[in-house]
file data09.pdb (PDB, C-alpha atoms)
ATOM      1  CA  MET A   1      24.595   3.404 181.961
ATOM      2  CA  ASN A   2      22.222   2.204 184.675
ATOM      3  CA  CYS A   3      22.883  -0.812 186.863
ATOM      4  CA  PRO A   4      20.885  -3.912 185.814
ATOM      5  CA  ILE A   5      20.562  -4.875 189.492
ATOM      6  CA  CYS A   6      19.376  -1.713 191.267
ATOM      7  CA  SER A   7      18.811   0.711 188.331
ATOM      8  CA  GLN A   8      21.131   3.351 189.821
ATOM      9  CA  GLY A   9      23.737   5.082 187.667
ATOM     10  CA  MET A  10      27.056   3.303 187.209
ATOM     11  CA  THR A  11      30.467   4.989 187.276
ATOM     12  CA  GLN A  12      33.267   4.216 184.835
ATOM     13  CA  LEU A  13      36.289   3.179 186.930
ATOM     14  CA  PHE A  14      38.820   2.460 184.186
ATOM     15  CA  THR A  15      39.062   1.671 180.481
ATOM     16  CA  PHE A  16      40.688  -0.917 178.251
ATOM     17  CA  PRO A  17      41.397   1.018 175.028
ATOM     18  CA  GLU A  18      41.495  -1.175 171.917
ATOM     19  CA  LEU A  19      41.454  -4.357 173.982
ATOM     20  CA  PRO A  20      41.816  -7.383 171.663
ATOM     21  CA  VAL A  21      38.684  -9.428 172.393
ATOM     22  CA  SER A  22      39.362 -11.980 169.662
ATOM     23  CA  ALA A  23      41.828 -12.613 166.856
ATOM     24  CA  ARG A  24      39.784 -10.349 164.572
ATOM     25  CA  THR A  25      38.159  -7.820 166.903
ATOM     26  CA  SER A  26      39.314  -5.163 169.326
ATOM     27  CA  ALA A  27      37.118  -2.827 171.307
ATOM     28  CA  ASP A  28      37.260   0.129 173.646
ATOM     29  CA  LEU A  29      35.883  -1.432 176.817
ATOM     30  CA  ALA A  30      35.196   0.249 180.149
ATOM     31  CA  PHE A  31      34.703  -1.277 183.583
ATOM     32  CA  MET A  32      31.542   0.132 185.146
ATOM     33  CA  TYR A  33      30.777   0.053 188.880
ATOM     34  CA  CYS A  34      27.597   0.637 190.876
ATOM     35  CA  GLU A  35      28.358   2.034 194.337
ATOM     36  CA  PRO A  36      24.905   1.355 195.906
ATOM     37  CA  CYS A  37      24.873  -2.405 195.217
ATOM     38  CA  SER A  38      28.562  -3.141 194.409
ATOM     39  CA  HIS A  39      27.779  -4.597 190.974
ATOM     40  CA  GLY A  40      30.527  -4.352 188.355
ATOM     41  CA  SER A  41      30.467  -5.089 184.636
ATOM     42  CA  LEU A  42      31.954  -4.144 181.314
ATOM     43  CA  GLY A  43      30.289  -1.262 179.501
ATOM     44  CA  VAL A  44      29.533  -3.504 176.507
ATOM     45  CA  ALA A  45      29.040  -7.257 176.207
ATOM     46  CA  VAL A  46      31.346  -9.541 174.235
ATOM     47  CA  ASP A  47      30.119 -12.927 172.978
ATOM     48  CA  ALA A  48      32.017 -16.223 172.950
ATOM     49  CA  THR A  49      33.525 -15.499 169.530
ATOM     50  CA  GLY A  50      34.817 -12.137 170.708
ATOM     51  CA  ASP A  51      32.303 -10.044 168.804
ATOM     52  CA  LEU A  52      30.491  -7.170 170.463
ATOM     53  CA  VAL A  53      26.918  -8.089 171.345
ATOM     54  CA  THR A  54      24.259  -5.930 169.737
ATOM     55  CA  GLY A  55      21.266  -8.185 170.411
ATOM     56  CA  LYS A  56      20.282 -11.686 171.460
ATOM     57  CA  SER A  57      18.762 -14.489 169.445
ATOM     58  CA  ALA A  58      15.537 -16.090 170.625
ATOM     59  CA  SER A  59      17.364 -19.369 171.307
ATOM     60  CA  ALA A  60      19.999 -17.649 173.451
ATOM     61  CA  THR A  61      17.281 -15.898 175.431
ATOM     62  CA  ARG A  62      15.445 -19.206 175.963
ATOM     63  CA  CYS A  63      18.645 -20.939 177.153
ATOM     64  CA  ILE A  64      19.184 -18.212 179.739
ATOM     65  CA  GLN A  65      15.558 -18.527 180.913
ATOM     66  CA  VAL A  66      15.842 -22.313 181.303
ATOM     67  CA  PHE A  67      19.088 -21.981 183.261
ATOM     68  CA  ALA A  68      17.548 -19.311 185.542
ATOM     69  CA  GLU A  69      14.604 -21.630 186.259
ATOM     70  CA  PHE A  70      17.047 -24.441 187.123
ATOM     71  CA  VAL A  71      19.048 -22.225 189.499
ATOM     72  CA  LYS A  72      15.887 -20.914 191.195
ATOM     73  CA  SER A  73      14.586 -24.442 191.767
ATOM     74  CA  TYR A  74      17.793 -25.631 193.458
ATOM     75  CA  CYS A  75      18.918 -22.473 195.259
ATOM     76  CA  LYS A  76      15.804 -21.473 197.175
ATOM     77  CA  GLY A  77      16.590 -19.000 199.914
ATOM     78  CA  ALA A  78      19.932 -17.906 198.433
ATOM     79  CA  HIS A  79      20.717 -14.248 199.054
ATOM     80  CA  THR A  80      23.591 -13.869 196.616
ATOM     81  CA  VAL A  81      23.869 -14.620 192.914
ATOM     82  CA  ILE A  82      27.145 -14.521 190.988
ATOM     83  CA  ASP A  83      26.874 -14.335 187.206
ATOM     84  CA  ILE A  84      30.253 -15.049 185.641
ATOM     85  CA  GLY A  85      30.496 -15.055 181.895
ATOM     86  CA  GLY A  86      28.227 -13.310 179.435
ATOM     87  CA  ASN A  87      28.529  -9.844 180.950
ATOM     88  CA  ASP A  88      25.228  -8.584 179.559
ATOM     89  CA  SER A  89      23.599  -9.248 182.977
ATOM     90  CA  SER A  90      20.571 -10.925 181.402
ATOM     91  CA  LEU A  91      20.792 -13.821 183.875
ATOM     92  CA  LEU A  92      21.041 -11.481 186.850
ATOM     93  CA  GLU A  93      17.989  -9.574 185.662
ATOM     94  CA  MET A  94      15.959 -12.783 186.088
ATOM     95  CA  PHE A  95      16.748 -12.879 189.802
TER      96      PHE A  95
END

call {"tool": "encode", "arguments": {"input": "data09.pdb", "output": "structure tokens"}}
result
Amino acid sequence: MNCPICSQGMTQLFTFPELPVSARTSADLAFMYCEPCSHGSLGVAVDATGDLVTGKSASATRCIQVFAEFVKSYCKGAHTVIDIGGNDSSLLEMF
């Protein structure tokens, strides 16, 4: 897995075998870490319902784009971005 921030390879630091991500779903998740830029994320994304993400709808993609535009307009000159939540790094990729 390559880092969505700097495109370098990420290292698996530890795993969460059969982690219950919702009342109906469990998954083998791994925490991935990028040494060059210090970015960390789960190896797979989990949506708000607890299901594993396999793709994004057009409306979800548009919502992320609108939010990124809002952040960029109010945070000019910021050197750090923290994306807490979705874990697929799609918001970070827009910065």

call {"tool": "closest_residue", "arguments": {"input": "data09.pdb", "among": "A:Leu13, A:Leu29, A:Leu92, A:Val66", "to": "A:Gly43", "atoms": "all atoms listed in the file"}}
result
A:Leu29

call {"tool": "closest_residue", "arguments": {"input": "data09.pdb", "among": "A:Leu19, A:Asp28, A:Phe95, A:Gly40", "to": "A:Lys76", "atoms": "all atoms listed in the file"}}
result
A:Phe95

call {"tool": "closest_residue", "arguments": {"input": "data09.pdb", "among": "A:Ala30, A:Ile64, A:Ile82, A:Ser89", "to": "A:Cys6", "atoms": "all atoms listed in the file"}}
result
A:Ser89

call {"tool": "atom_distance", "arguments": {"input": "data09.pdb", "atom1": "atom CA of A:Lys72", "atom2": "atom CA of A:Tyr33"}}
result
25.8 Å

call {"tool": "atom_distance", "arguments": {"input": "data09.pdb", "atom1": "atom CA of A:His79", "atom2": "atom CA of A:Ser38"}}
result
14.4 Å

call {"tool": "axis_aligned_box", "arguments": {"input": "data09.pdb", "around": "stretch 12-17 of chain A", "padding_each_side": "5 Å", "output": "AutoDock Vina command-line options"}}
result
--center_x 37.3 --center_y 1.6 --center_z 181.0 --size_x 18.1 --size_y 15.1 --size_z 21.9

call {"tool": "atom_distance", "arguments": {"input": "data09.pdb", "atom1": "atom CA of A:Asn2", "atom2": "atom CA of A:Ala27"}}
result
20.6 Å
